[in-house]
Amino acid sequence: MLVSGRSVLLTAALTLAAGSAAAQSQFEKYQKMVAEGSPVELFELVGEGLWKKPQGPKNASLEQCDLGLGAGVLQGAYARLPRYFRDVDRVMDLETRMLHCMMTLQGRSLEEATKRLFGNADKPSEMEYLSAYVAGQSRGHAMAPGQSHPREQAAYELGRKLYFYRTGLWDFSCASCHGEEGKRIRMSELPVLYKPEAARPLIATWPAYRVSNSTFKTMQWRINNCFRQMRTPEPVFGSEVVNAMNMFLTVTAQGEPYRGPGTKR
Amino acid sequence: MADPMKIRATLKGDLADVRVLMGHPMETGQRKDGAGKPIPLHFIQEVTVKLNGKTVIEGQISQAISRNPVFSFRVKGAKSGDKVEISWLDNKGDTNRTEAAIA
């Protein structure tokens, strides 16, 4: 579980990690061990089945979904998201685009397709399985989100603004936790995600399997959960806010070869 | 949906590196559900590995192993194209199996 109590957060969040260099290598050792036993391929396998399975009122699969490189092209597509899509005149990340394809290609309603976006260990969600499969098709491709269209640039600027924008009950911003080197909460390091050196290796491994609760997590979940930790309302799935935040983080991580789906604490 | 299994088997010299992923809840019997009722034990008891039809490993495992287990081991004297077949049996009597050729 993430931080669940106010007292835990207040005492732990602001503690500087002592002996940071030694602690660092222990974190890294742990990361490595965890990655060796990663079951992400199982999620990719199930996701592939769901991608190809005819569903919805139109009884169609998602195979013709255009993730930006043309209908049905999966190789390297995830590494180029988020990006601007002319057909909807907006920026979309992977999950937002897949939702769009479920509604257009499969004829599913927004309500039905978003009924259960985030699953649990006993029953992962369709979105989680699909994210695993599609992201896995970008291994080795450099992260290169869209940056040429004015809407892509606007999304980046909005995401950057949101990252530093203090709000909510506690007057926190993302930077309150992810703003200074060497901070951690319990056993979690708090990466300074507006800096490329920190963002690159981490963003290039989402979506990811979390060993602490045996679940597969998507990027939108990660962003939502951090808003929750800030005690702001969680953003609507696929909304402009989530896409802008994802754009900001991914542009900051650009150039890094995609190595996911990853394995996290 | 039946939990999937996946084998990856690659040859290094005359040693085959075999890695198998097994989707399974591996319930410890110690957890409780939302209503506070204990979730019954549910775990893989036996893992069997066959090489070209001949049993080479018979493993007894327990609920101490995590959800979605990953096992890896090396097989000596294996050749490219040899068939690795892995199956499990859990405490409810359910089984699953999959196979792959060593590449």
# chains A, B, ... in the order shown; residues from 1 in each chain; ligands from 1
$ closest_atom_pairs --of "chain A" --to "chain B" --cutoff "10 Å" --atoms "only C-alpha atoms" --output "Markdown table"
| residue | atom | partner | partner_atom | distance |
| --- | --- | --- | --- | --- |
| A:Glu36 | CA | B:Val70 | CA | 8.7 |
| A:Gly37 | CA | B:Val70 | CA | 5.6 |
| A:Ser38 | CA | B:Val70 | CA | 7.2 |
| A:Pro39 | CA | B:Leu21 | CA | 6.1 |
| A:Val40 | CA | B:Leu21 | CA | 9.1 |
| A:Glu41 | CA | B:Lys6 | CA | 7.8 |
| A:Leu42 | CA | B:Pro4 | CA | 6.2 |
| A:Phe43 | CA | B:Pro4 | CA | 8.6 |
| A:Leu45 | CA | B:Pro4 | CA | 7.5 |
| A:Val46 | CA | B:Pro4 | CA | 7.3 |
| A:Ala121 | CA | B:Pro25 | CA | 8.1 |
| A:Asp122 | CA | B:Pro25 | CA | 7.1 |
| A:Lys123 | CA | B:Met1 | CA | 9.9 |
| A:Val211 | CA | B:Arg67 | CA | 9.1 |
| A:Asn213 | CA | B:Arg67 | CA | 9.2 |
| A:Ser214 | CA | B:Arg67 | CA | 6.7 |
| A:Thr215 | CA | B:Arg67 | CA | 9.8 |
$ select_by_dssp --residues "segment 148-256 of chain A" --states "strand (DSSP E or B)" --output "MDAnalysis selection string"
chainID A and resid 167 172 183:185 188:189 208:210 215:217
$ select_by_dssp --residues "segment 48-214 of chain A" --states "alpha helix (DSSP H)" --output "NGL selection string"
:A and (48-51 or 94-104 or 110-113 or 126-136 or 150-164 or 174-177 or 196-203)
$ residues_around --residues "segment 60-64 of chain A" --least-positions-apart "6" --cutoff "12 Å" --atoms "only C-alpha atoms" --output "PDB file with all heavy atoms, in the first residue's frame"
ATOM      1  N   GLY A  47      -3.188  -9.820 -22.271  1.00  0.00           N
ATOM      2  CA  GLY A  47      -3.522  -8.591 -22.997  1.00  0.00           C
ATOM      3  C   GLY A  47      -3.613  -8.825 -24.494  1.00  0.00           C
ATOM      4  O   GLY A  47      -4.506  -8.295 -25.159  1.00  0.00           O
ATOM      5  N   GLU A  48      -2.723  -9.643 -25.020  1.00  0.00           N
ATOM      6  CA  GLU A  48      -2.755  -9.940 -26.451  1.00  0.00           C
ATOM      7  C   GLU A  48      -4.074 -10.622 -26.817  1.00  0.00           C
ATOM      8  O   GLU A  48      -4.709 -10.292 -27.823  1.00  0.00           O
ATOM      9  CB  GLU A  48      -1.569 -10.834 -26.835  1.00  0.00           C
ATOM     10  CG  GLU A  48      -1.557 -11.172 -28.314  1.00  0.00           C
ATOM     11  CD  GLU A  48      -0.324 -11.953 -28.748  1.00  0.00           C
ATOM     12  OE1 GLU A  48       0.479 -12.339 -27.861  1.00  0.00           O
ATOM     13  OE2 GLU A  48      -0.179 -12.167 -29.967  1.00  0.00           O
ATOM     14  N   GLY A  49      -4.484 -11.535 -25.957  1.00  0.00           N
ATOM     15  CA  GLY A  49      -5.758 -12.227 -26.187  1.00  0.00           C
ATOM     16  C   GLY A  49      -6.924 -11.244 -26.200  1.00  0.00           C
ATOM     17  O   GLY A  49      -7.803 -11.324 -27.068  1.00  0.00           O
ATOM     18  N   LEU A  50      -6.906 -10.297 -25.269  1.00  0.00           N
ATOM     19  CA  LEU A  50      -8.007  -9.323 -25.190  1.00  0.00           C
ATOM     20  C   LEU A  50      -7.981  -8.359 -26.371  1.00  0.00           C
ATOM     21  O   LEU A  50      -9.022  -7.932 -26.858  1.00  0.00           O
ATOM     22  CB  LEU A  50      -7.912  -8.532 -23.883  1.00  0.00           C
ATOM     23  CG  LEU A  50      -8.286  -9.294 -22.612  1.00  0.00           C
ATOM     24  CD1 LEU A  50      -7.945  -8.470 -21.374  1.00  0.00           C
ATOM     25  CD2 LEU A  50      -9.779  -9.646 -22.618  1.00  0.00           C
ATOM     26  N   TRP A  51      -6.794  -7.989 -26.809  1.00  0.00           N
ATOM     27  CA  TRP A  51      -6.643  -7.079 -27.950  1.00  0.00           C
ATOM     28  C   TRP A  51      -7.292  -7.680 -29.198  1.00  0.00           C
ATOM     29  O   TRP A  51      -7.906  -6.983 -30.006  1.00  0.00           O
ATOM     30  CB  TRP A  51      -5.144  -6.836 -28.193  1.00  0.00           C
ATOM     31  CG  TRP A  51      -4.841  -5.863 -29.273  1.00  0.00           C
ATOM     32  CD1 TRP A  51      -4.471  -6.151 -30.555  1.00  0.00           C
ATOM     33  CD2 TRP A  51      -4.843  -4.420 -29.176  1.00  0.00           C
ATOM     34  NE1 TRP A  51      -4.247  -4.988 -31.260  1.00  0.00           N
ATOM     35  CE2 TRP A  51      -4.467  -3.917 -30.441  1.00  0.00           C
ATOM     36  CE3 TRP A  51      -5.139  -3.528 -28.145  1.00  0.00           C
ATOM     37  CZ2 TRP A  51      -4.371  -2.540 -30.690  1.00  0.00           C
ATOM     38  CZ3 TRP A  51      -5.038  -2.167 -28.399  1.00  0.00           C
ATOM     39  CH2 TRP A  51      -4.664  -1.686 -29.660  1.00  0.00           C
ATOM     40  N   LYS A  52      -7.166  -8.998 -29.328  1.00  0.00           N
ATOM     41  CA  LYS A  52      -7.633  -9.672 -30.548  1.00  0.00           C
ATOM     42  C   LYS A  52      -9.044 -10.240 -30.421  1.00  0.00           C
ATOM     43  O   LYS A  52      -9.557 -10.844 -31.367  1.00  0.00           O
ATOM     44  CB  LYS A  52      -6.652 -10.792 -30.907  1.00  0.00           C
ATOM     45  CG  LYS A  52      -5.273 -10.231 -31.241  1.00  0.00           C
ATOM     46  CD  LYS A  52      -4.255 -11.303 -31.547  1.00  0.00           C
ATOM     47  CE  LYS A  52      -2.937 -10.644 -31.962  1.00  0.00           C
ATOM     48  NZ  LYS A  52      -1.811 -11.569 -31.975  1.00  0.00           N
ATOM     49  N   LYS A  53      -9.641 -10.046 -29.252  1.00  0.00           N
ATOM     50  CA  LYS A  53     -10.940 -10.660 -29.002  1.00  0.00           C
ATOM     51  C   LYS A  53     -12.088  -9.743 -29.443  1.00  0.00           C
ATOM     52  O   LYS A  53     -12.192  -8.609 -28.985  1.00  0.00           O
ATOM     53  CB  LYS A  53     -11.048 -10.934 -27.504  1.00  0.00           C
ATOM     54  CG  LYS A  53     -12.347 -11.562 -27.066  1.00  0.00           C
ATOM     55  CD  LYS A  53     -12.311 -11.766 -25.553  1.00  0.00           C
ATOM     56  CE  LYS A  53     -13.719 -11.935 -25.020  1.00  0.00           C
ATOM     57  NZ  LYS A  53     -13.774 -11.846 -23.565  1.00  0.00           N
ATOM     58  N   PRO A  54     -12.965 -10.219 -30.312  1.00  0.00           N
ATOM     59  CA  PRO A  54     -14.117  -9.404 -30.708  1.00  0.00           C
ATOM     60  C   PRO A  54     -15.012  -9.145 -29.496  1.00  0.00           C
ATOM     61  O   PRO A  54     -15.320 -10.062 -28.751  1.00  0.00           O
ATOM     62  CB  PRO A  54     -14.843 -10.275 -31.738  1.00  0.00           C
ATOM     63  CG  PRO A  54     -13.863 -11.313 -32.152  1.00  0.00           C
ATOM     64  CD  PRO A  54     -12.955 -11.530 -30.979  1.00  0.00           C
ATOM     65  N   GLY A  70      -0.730   4.409 -37.466  1.00  0.00           N
ATOM     66  CA  GLY A  70      -1.577   3.776 -38.464  1.00  0.00           C
ATOM     67  C   GLY A  70      -2.378   2.652 -37.830  1.00  0.00           C
ATOM     68  O   GLY A  70      -1.965   2.109 -36.799  1.00  0.00           O
ATOM     69  N   ALA A  71      -3.520   2.331 -38.456  1.00  0.00           N
ATOM     70  CA  ALA A  71      -4.397   1.308 -37.902  1.00  0.00           C
ATOM     71  C   ALA A  71      -3.646  -0.011 -37.762  1.00  0.00           C
ATOM     72  O   ALA A  71      -3.027  -0.490 -38.710  1.00  0.00           O
ATOM     73  CB  ALA A  71      -5.624   1.132 -38.789  1.00  0.00           C
ATOM     74  N   GLY A  72      -3.667  -0.576 -36.576  1.00  0.00           N
ATOM     75  CA  GLY A  72      -3.089  -1.901 -36.369  1.00  0.00           C
ATOM     76  C   GLY A  72      -1.582  -1.923 -36.148  1.00  0.00           C
ATOM     77  O   GLY A  72      -1.020  -2.999 -35.942  1.00  0.00           O
ATOM     78  N   VAL A  73      -0.917  -0.773 -36.205  1.00  0.00           N
ATOM     79  CA  VAL A  73       0.543  -0.786 -36.014  1.00  0.00           C
ATOM     80  C   VAL A  73       0.860  -0.647 -34.524  1.00  0.00           C
ATOM     81  O   VAL A  73       0.553   0.365 -33.890  1.00  0.00           O
ATOM     82  CB  VAL A  73       1.240   0.362 -36.790  1.00  0.00           C
ATOM     83  CG1 VAL A  73       2.750   0.293 -36.591  1.00  0.00           C
ATOM     84  CG2 VAL A  73       0.876   0.295 -38.260  1.00  0.00           C
ATOM     85  N   LEU A  74       1.479  -1.684 -33.968  1.00  0.00           N
ATOM     86  CA  LEU A  74       1.781  -1.686 -32.539  1.00  0.00           C
ATOM     87  C   LEU A  74       3.257  -1.471 -32.249  1.00  0.00           C
ATOM     88  O   LEU A  74       3.622  -0.912 -31.223  1.00  0.00           O
ATOM     89  CB  LEU A  74       1.356  -3.029 -31.925  1.00  0.00           C
ATOM     90  CG  LEU A  74      -0.147  -3.271 -31.803  1.00  0.00           C
ATOM     91  CD1 LEU A  74      -0.410  -4.610 -31.131  1.00  0.00           C
ATOM     92  CD2 LEU A  74      -0.785  -2.160 -31.001  1.00  0.00           C
ATOM     93  N   ARG A  97      -6.393   6.635 -25.607  1.00  0.00           N
ATOM     94  CA  ARG A  97      -6.600   6.205 -26.992  1.00  0.00           C
ATOM     95  C   ARG A  97      -7.286   4.843 -27.058  1.00  0.00           C
ATOM     96  O   ARG A  97      -8.138   4.604 -27.909  1.00  0.00           O
ATOM     97  CB  ARG A  97      -5.242   6.164 -27.726  1.00  0.00           C
ATOM     98  CG  ARG A  97      -5.350   5.937 -29.217  1.00  0.00           C
ATOM     99  CD  ARG A  97      -6.111   7.065 -29.901  1.00  0.00           C
ATOM    100  NE  ARG A  97      -6.278   6.846 -31.325  1.00  0.00           N
ATOM    101  CZ  ARG A  97      -6.977   7.651 -32.121  1.00  0.00           C
ATOM    102  NH1 ARG A  97      -7.568   8.732 -31.627  1.00  0.00           N
ATOM    103  NH2 ARG A  97      -7.085   7.394 -33.401  1.00  0.00           N
ATOM    104  N   MET A  98      -6.905   3.944 -26.179  1.00  0.00           N
ATOM    105  CA  MET A  98      -7.544   2.622 -26.195  1.00  0.00           C
ATOM    106  C   MET A  98      -9.021   2.741 -25.841  1.00  0.00           C
ATOM    107  O   MET A  98      -9.859   2.060 -26.443  1.00  0.00           O
ATOM    108  CB  MET A  98      -6.818   1.654 -25.248  1.00  0.00           C
ATOM    109  CG  MET A  98      -5.444   1.262 -25.766  1.00  0.00           C
ATOM    110  SD  MET A  98      -4.721  -0.221 -25.010  1.00  0.00           S
ATOM    111  CE  MET A  98      -4.644   0.242 -23.302  1.00  0.00           C
ATOM    112  N   LEU A  99      -9.326   3.627 -24.901  1.00  0.00           N
ATOM    113  CA  LEU A  99     -10.733   3.858 -24.560  1.00  0.00           C
ATOM    114  C   LEU A  99     -11.487   4.381 -25.796  1.00  0.00           C
ATOM    115  O   LEU A  99     -12.604   3.929 -26.093  1.00  0.00           O
ATOM    116  CB  LEU A  99     -10.836   4.863 -23.403  1.00  0.00           C
ATOM    117  CG  LEU A  99     -12.235   5.314 -22.992  1.00  0.00           C
ATOM    118  CD1 LEU A  99     -13.089   4.117 -22.579  1.00  0.00           C
ATOM    119  CD2 LEU A  99     -12.159   6.322 -21.851  1.00  0.00           C
ATOM    120  N   HIS A 100     -10.845   5.297 -26.505  1.00  0.00           N
ATOM    121  CA  HIS A 100     -11.439   5.825 -27.739  1.00  0.00           C
ATOM    122  C   HIS A 100     -11.719   4.683 -28.726  1.00  0.00           C
ATOM    123  O   HIS A 100     -12.794   4.620 -29.334  1.00  0.00           O
ATOM    124  CB  HIS A 100     -10.484   6.850 -28.345  1.00  0.00           C
ATOM    125  CG  HIS A 100     -10.852   7.293 -29.727  1.00  0.00           C
ATOM    126  ND1 HIS A 100     -11.845   8.215 -29.971  1.00  0.00           N
ATOM    127  CD2 HIS A 100     -10.357   6.919 -30.936  1.00  0.00           C
ATOM    128  CE1 HIS A 100     -11.949   8.393 -31.282  1.00  0.00           C
ATOM    129  NE2 HIS A 100     -11.062   7.626 -31.894  1.00  0.00           N
ATOM    130  N   CYS A 101     -10.763   3.780 -28.883  1.00  0.00           N
ATOM    131  CA  CYS A 101     -10.948   2.660 -29.817  1.00  0.00           C
ATOM    132  C   CYS A 101     -12.050   1.706 -29.347  1.00  0.00           C
ATOM    133  O   CYS A 101     -12.784   1.152 -30.161  1.00  0.00           O
ATOM    134  CB  CYS A 101      -9.637   1.895 -30.007  1.00  0.00           C
ATOM    135  SG  CYS A 101      -8.439   2.809 -31.002  1.00  0.00           S
ATOM    136  N   MET A 102     -12.159   1.510 -28.041  1.00  0.00           N
ATOM    137  CA  MET A 102     -13.237   0.644 -27.534  1.00  0.00           C
ATOM    138  C   MET A 102     -14.591   1.245 -27.901  1.00  0.00           C
ATOM    139  O   MET A 102     -15.530   0.540 -28.251  1.00  0.00           O
ATOM    140  CB  MET A 102     -13.157   0.534 -26.000  1.00  0.00           C
ATOM    141  CG  MET A 102     -12.001  -0.305 -25.510  1.00  0.00           C
ATOM    142  SD  MET A 102     -11.896  -0.184 -23.695  1.00  0.00           S
ATOM    143  CE  MET A 102     -10.334  -1.026 -23.430  1.00  0.00           C
ATOM    144  N   MET A 103     -14.675   2.578 -27.810  1.00  0.00           N
ATOM    145  CA  MET A 103     -15.954   3.229 -28.087  1.00  0.00           C
ATOM    146  C   MET A 103     -16.241   3.305 -29.579  1.00  0.00           C
ATOM    147  O   MET A 103     -17.377   3.075 -30.010  1.00  0.00           O
ATOM    148  CB  MET A 103     -15.965   4.620 -27.453  1.00  0.00           C
ATOM    149  CG  MET A 103     -15.971   4.536 -25.917  1.00  0.00           C
ATOM    150  SD  MET A 103     -15.650   6.104 -25.102  1.00  0.00           S
ATOM    151  CE  MET A 103     -17.091   7.038 -25.572  1.00  0.00           C
ATOM    152  N   THR A 104     -15.228   3.577 -30.395  1.00  0.00           N
ATOM    153  CA  THR A 104     -15.479   3.729 -31.828  1.00  0.00           C
ATOM    154  C   THR A 104     -15.480   2.382 -32.552  1.00  0.00           C
ATOM    155  O   THR A 104     -16.435   2.054 -33.240  1.00  0.00           O
ATOM    156  CB  THR A 104     -14.434   4.661 -32.468  1.00  0.00           C
ATOM    157  OG1 THR A 104     -13.129   4.224 -32.103  1.00  0.00           O
ATOM    158  CG2 THR A 104     -14.618   6.101 -32.008  1.00  0.00           C
ATOM    159  N   LEU A 105     -14.434   1.574 -32.355  1.00  0.00           N
ATOM    160  CA  LEU A 105     -14.349   0.316 -33.101  1.00  0.00           C
ATOM    161  C   LEU A 105     -15.314  -0.740 -32.567  1.00  0.00           C
ATOM    162  O   LEU A 105     -15.914  -1.497 -33.317  1.00  0.00           O
ATOM    163  CB  LEU A 105     -12.932  -0.263 -33.045  1.00  0.00           C
ATOM    164  CG  LEU A 105     -11.819   0.530 -33.708  1.00  0.00           C
ATOM    165  CD1 LEU A 105     -10.483  -0.168 -33.508  1.00  0.00           C
ATOM    166  CD2 LEU A 105     -12.105   0.695 -35.198  1.00  0.00           C
ATOM    167  N   GLN A 106     -15.412  -0.794 -31.231  1.00  0.00           N
ATOM    168  CA  GLN A 106     -16.235  -1.854 -30.641  1.00  0.00           C
ATOM    169  C   GLN A 106     -17.645  -1.379 -30.307  1.00  0.00           C
ATOM    170  O   GLN A 106     -18.498  -2.187 -29.949  1.00  0.00           O
ATOM    171  CB  GLN A 106     -15.550  -2.388 -29.371  1.00  0.00           C
ATOM    172  CG  GLN A 106     -14.166  -2.981 -29.674  1.00  0.00           C
ATOM    173  CD  GLN A 106     -13.494  -3.593 -28.452  1.00  0.00           C
ATOM    174  OE1 GLN A 106     -13.549  -3.024 -27.356  1.00  0.00           O
ATOM    175  NE2 GLN A 106     -12.862  -4.742 -28.636  1.00  0.00           N
ATOM    176  N   GLY A 107     -17.864  -0.072 -30.413  1.00  0.00           N
ATOM    177  CA  GLY A 107     -19.205   0.466 -30.168  1.00  0.00           C
ATOM    178  C   GLY A 107     -19.621   0.441 -28.705  1.00  0.00           C
ATOM    179  O   GLY A 107     -20.808   0.480 -28.381  1.00  0.00           O
ATOM    180  N   ARG A 108     -18.636   0.401 -27.804  1.00  0.00           N
ATOM    181  CA  ARG A 108     -18.976   0.323 -26.375  1.00  0.00           C
ATOM    182  C   ARG A 108     -19.264   1.724 -25.823  1.00  0.00           C
ATOM    183  O   ARG A 108     -18.726   2.713 -26.308  1.00  0.00           O
ATOM    184  CB  ARG A 108     -17.822  -0.340 -25.620  1.00  0.00           C
ATOM    185  CG  ARG A 108     -17.636  -1.775 -26.072  1.00  0.00           C
ATOM    186  CD  ARG A 108     -16.280  -2.341 -25.720  1.00  0.00           C
ATOM    187  NE  ARG A 108     -16.065  -2.448 -24.287  1.00  0.00           N
ATOM    188  CZ  ARG A 108     -14.948  -2.935 -23.754  1.00  0.00           C
ATOM    189  NH1 ARG A 108     -13.960  -3.350 -24.539  1.00  0.00           N
ATOM    190  NH2 ARG A 108     -14.809  -3.007 -22.451  1.00  0.00           N
ATOM    191  N   LEU A 130      -4.364  -4.833 -21.357  1.00  0.00           N
ATOM    192  CA  LEU A 130      -4.114  -4.262 -22.682  1.00  0.00           C
ATOM    193  C   LEU A 130      -2.873  -3.361 -22.668  1.00  0.00           C
ATOM    194  O   LEU A 130      -2.055  -3.400 -23.596  1.00  0.00           O
ATOM    195  CB  LEU A 130      -5.330  -3.454 -23.156  1.00  0.00           C
ATOM    196  CG  LEU A 130      -6.590  -4.249 -23.510  1.00  0.00           C
ATOM    197  CD1 LEU A 130      -7.761  -3.307 -23.750  1.00  0.00           C
ATOM    198  CD2 LEU A 130      -6.359  -5.134 -24.746  1.00  0.00           C
ATOM    199  N   VAL A 134       0.356  -3.779 -25.205  1.00  0.00           N
ATOM    200  CA  VAL A 134       0.728  -2.747 -26.178  1.00  0.00           C
ATOM    201  C   VAL A 134       2.084  -2.130 -25.826  1.00  0.00           C
ATOM    202  O   VAL A 134       2.946  -1.961 -26.689  1.00  0.00           O
ATOM    203  CB  VAL A 134      -0.360  -1.656 -26.285  1.00  0.00           C
ATOM    204  CG1 VAL A 134       0.097  -0.530 -27.208  1.00  0.00           C
ATOM    205  CG2 VAL A 134      -1.665  -2.259 -26.803  1.00  0.00           C
TER     206      VAL A 134
END
$ residues_around --residues "Gln30 of chain B" --least-positions-apart "6" --cutoff "9 Å" --atoms "only C-alpha atoms" --output "PyMOL selection string"
chain B and resi 38-41
$ write_last_selection --atoms "N, CA and C atoms" --output "PDB file, in the first residue's frame"
ATOM      1  N   PRO B  38     -11.664 -15.606   6.422  1.00  0.00           N
ATOM      2  CA  PRO B  38     -10.374 -16.058   5.899  1.00  0.00           C
ATOM      3  C   PRO B  38     -10.498 -16.540   4.448  1.00  0.00           C
ATOM      4  N   ILE B  39      -9.512 -16.207   3.639  1.00  0.00           N
ATOM      5  CA  ILE B  39      -9.489 -16.699   2.259  1.00  0.00           C
ATOM      6  C   ILE B  39      -8.776 -18.059   2.299  1.00  0.00           C
ATOM      7  N   PRO B  40      -9.447 -19.112   1.814  1.00  0.00           N
ATOM      8  CA  PRO B  40      -8.860 -20.450   1.959  1.00  0.00           C
ATOM      9  C   PRO B  40      -7.519 -20.607   1.241  1.00  0.00           C
ATOM     10  N   LEU B  41      -6.718 -21.481   1.790  1.00  0.00           N
ATOM     11  CA  LEU B  41      -5.447 -21.855   1.164  1.00  0.00           C
ATOM     12  C   LEU B  41      -5.670 -22.245  -0.291  1.00  0.00           C
TER      13      LEU B  41
END
$ closest_residue --among "B:Thr55, B:Gln63, B:Thr28, B:Asn96" --to "Val84 of chain B" --atoms "only C-alpha atoms"
B:Thr55
$ residues_around --residues "Gly119 of chain A" --least-positions-apart "2" --cutoff "12 Å" --atoms "only C-alpha atoms" --output "PyMOL selection string"
chain A and resi 114-117+121-129+213-218+221
$ write_last_selection --atoms "N, CA, C and O atoms" --output "mmCIF file, in the first residue's frame"
data_model
loop_
_atom_site.group_PDB
_atom_site.id
_atom_site.type_symbol
_atom_site.label_atom_id
_atom_site.label_comp_id
_atom_site.auth_asym_id
_atom_site.auth_seq_id
_atom_site.Cartn_x
_atom_site.Cartn_y
_atom_site.Cartn_z
ATOM 1 N N THR A 114 -15.560 2.128 -19.017
ATOM 2 C CA THR A 114 -14.777 2.666 -17.896
ATOM 3 C C THR A 114 -15.289 2.159 -16.546
ATOM 4 O O THR A 114 -14.913 2.679 -15.506
ATOM 5 N N LYS A 115 -16.103 1.120 -16.597
ATOM 6 C CA LYS A 115 -16.722 0.619 -15.371
ATOM 7 C C LYS A 115 -15.657 0.136 -14.373
ATOM 8 O O LYS A 115 -15.774 0.322 -13.172
ATOM 9 N N ARG A 116 -14.630 -0.521 -14.898
ATOM 10 C CA ARG A 116 -13.631 -1.087 -13.999
ATOM 11 C C ARG A 116 -12.247 -0.881 -14.611
ATOM 12 O O ARG A 116 -11.693 -1.773 -15.241
ATOM 13 N N LEU A 117 -11.721 0.322 -14.410
ATOM 14 C CA LEU A 117 -10.455 0.667 -15.049
ATOM 15 C C LEU A 117 -9.260 0.110 -14.298
ATOM 16 O O LEU A 117 -8.262 -0.288 -14.894
ATOM 17 N N ALA A 121 -5.318 -7.638 -7.403
ATOM 18 C CA ALA A 121 -4.492 -8.823 -7.625
ATOM 19 C C ALA A 121 -5.339 -10.012 -8.084
ATOM 20 O O ALA A 121 -4.918 -10.806 -8.921
ATOM 21 N N ASP A 122 -6.543 -10.122 -7.535
ATOM 22 C CA ASP A 122 -7.376 -11.265 -7.901
ATOM 23 C C ASP A 122 -7.941 -11.129 -9.303
ATOM 24 O O ASP A 122 -8.149 -12.114 -9.990
ATOM 25 N N LYS A 123 -8.184 -9.881 -9.706
ATOM 26 C CA LYS A 123 -8.785 -9.686 -11.016
ATOM 27 C C LYS A 123 -8.288 -8.381 -11.618
ATOM 28 O O LYS A 123 -8.870 -7.324 -11.393
ATOM 29 N N PRO A 124 -7.200 -8.453 -12.372
ATOM 30 C CA PRO A 124 -6.705 -7.247 -13.051
ATOM 31 C C PRO A 124 -7.751 -6.742 -14.040
ATOM 32 O O PRO A 124 -8.645 -7.491 -14.439
ATOM 33 N N SER A 125 -7.654 -5.467 -14.411
ATOM 34 C CA SER A 125 -8.648 -4.916 -15.329
ATOM 35 C C SER A 125 -8.225 -5.130 -16.779
ATOM 36 O O SER A 125 -7.052 -5.379 -17.076
ATOM 37 N N GLU A 126 -9.197 -4.978 -17.661
ATOM 38 C CA GLU A 126 -8.941 -5.094 -19.096
ATOM 39 C C GLU A 126 -7.887 -4.059 -19.514
ATOM 40 O O GLU A 126 -6.960 -4.366 -20.267
ATOM 41 N N MET A 127 -8.025 -2.832 -19.008
ATOM 42 C CA MET A 127 -7.100 -1.752 -19.366
ATOM 43 C C MET A 127 -5.668 -2.110 -18.945
ATOM 44 O O MET A 127 -4.702 -1.796 -19.636
ATOM 45 N N GLU A 128 -5.525 -2.745 -17.807
ATOM 46 C CA GLU A 128 -4.196 -3.132 -17.325
ATOM 47 C C GLU A 128 -3.571 -4.194 -18.232
ATOM 48 O O GLU A 128 -2.413 -4.078 -18.642
ATOM 49 N N TYR A 129 -4.350 -5.212 -18.550
ATOM 50 C CA TYR A 129 -3.831 -6.255 -19.454
ATOM 51 C C TYR A 129 -3.456 -5.660 -20.818
ATOM 52 O O TYR A 129 -2.405 -5.954 -21.381
ATOM 53 N N ASN A 213 2.025 -5.648 -3.992
ATOM 54 C CA ASN A 213 0.661 -6.163 -3.923
ATOM 55 C C ASN A 213 0.253 -6.981 -5.152
ATOM 56 O O ASN A 213 -0.930 -7.161 -5.414
ATOM 57 N N SER A 214 1.263 -7.469 -5.867
ATOM 58 C CA SER A 214 1.023 -8.407 -6.978
ATOM 59 C C SER A 214 0.028 -7.894 -8.009
ATOM 60 O O SER A 214 -0.779 -8.648 -8.525
ATOM 61 N N THR A 215 0.079 -6.593 -8.284
ATOM 62 C CA THR A 215 -0.863 -6.048 -9.258
ATOM 63 C C THR A 215 -0.110 -5.378 -10.394
ATOM 64 O O THR A 215 1.031 -4.949 -10.235
ATOM 65 N N PHE A 216 -0.798 -5.270 -11.518
ATOM 66 C CA PHE A 216 -0.228 -4.574 -12.666
ATOM 67 C C PHE A 216 -0.844 -3.179 -12.704
ATOM 68 O O PHE A 216 -2.059 -3.036 -12.638
ATOM 69 N N LYS A 217 0.001 -2.147 -12.788
ATOM 70 C CA LYS A 217 -0.490 -0.776 -12.704
ATOM 71 C C LYS A 217 -0.186 0.020 -13.962
ATOM 72 O O LYS A 217 0.904 -0.085 -14.528
ATOM 73 N N THR A 218 -1.149 0.868 -14.354
ATOM 74 C CA THR A 218 -0.966 1.697 -15.539
ATOM 75 C C THR A 218 -0.496 3.096 -15.127
ATOM 76 O O THR A 218 -0.540 3.463 -13.965
ATOM 77 N N TRP A 221 -3.144 5.185 -13.495
ATOM 78 C CA TRP A 221 -3.306 4.824 -12.086
ATOM 79 C C TRP A 221 -2.251 5.550 -11.251
ATOM 80 O O TRP A 221 -2.537 6.106 -10.201
#
$ residues_around --residues "segment 163-167 of chain A" --least-positions-apart "6" --cutoff "9 Å" --atoms "only C-alpha atoms" --output "ChimeraX atom specification"
/A:173-176,179,194,230-232,245,248
$ residues_around --residues "segment 148-154 of chain A" --least-positions-apart "5" --cutoff "12 Å" --atoms "only C-alpha atoms" --output "PyMOL selection string"
chain A and resi 80-86+88-93+159-161+240-241+243-248+250-251
$ atom_distance --atom1 "atom CA of Ala79 of chain A" --atom2 "atom CA of Phe237 of chain A"
20.3 Å
$ atom_distance --atom1 "atom CA of Thr205 of chain A" --atom2 "atom CA of Gly146 of chain A"
18.5 Å
$ atom_distance --atom1 "atom CA of Ser62 of chain B" --atom2 "atom CA of Gln31 of chain A"
24.7 Å
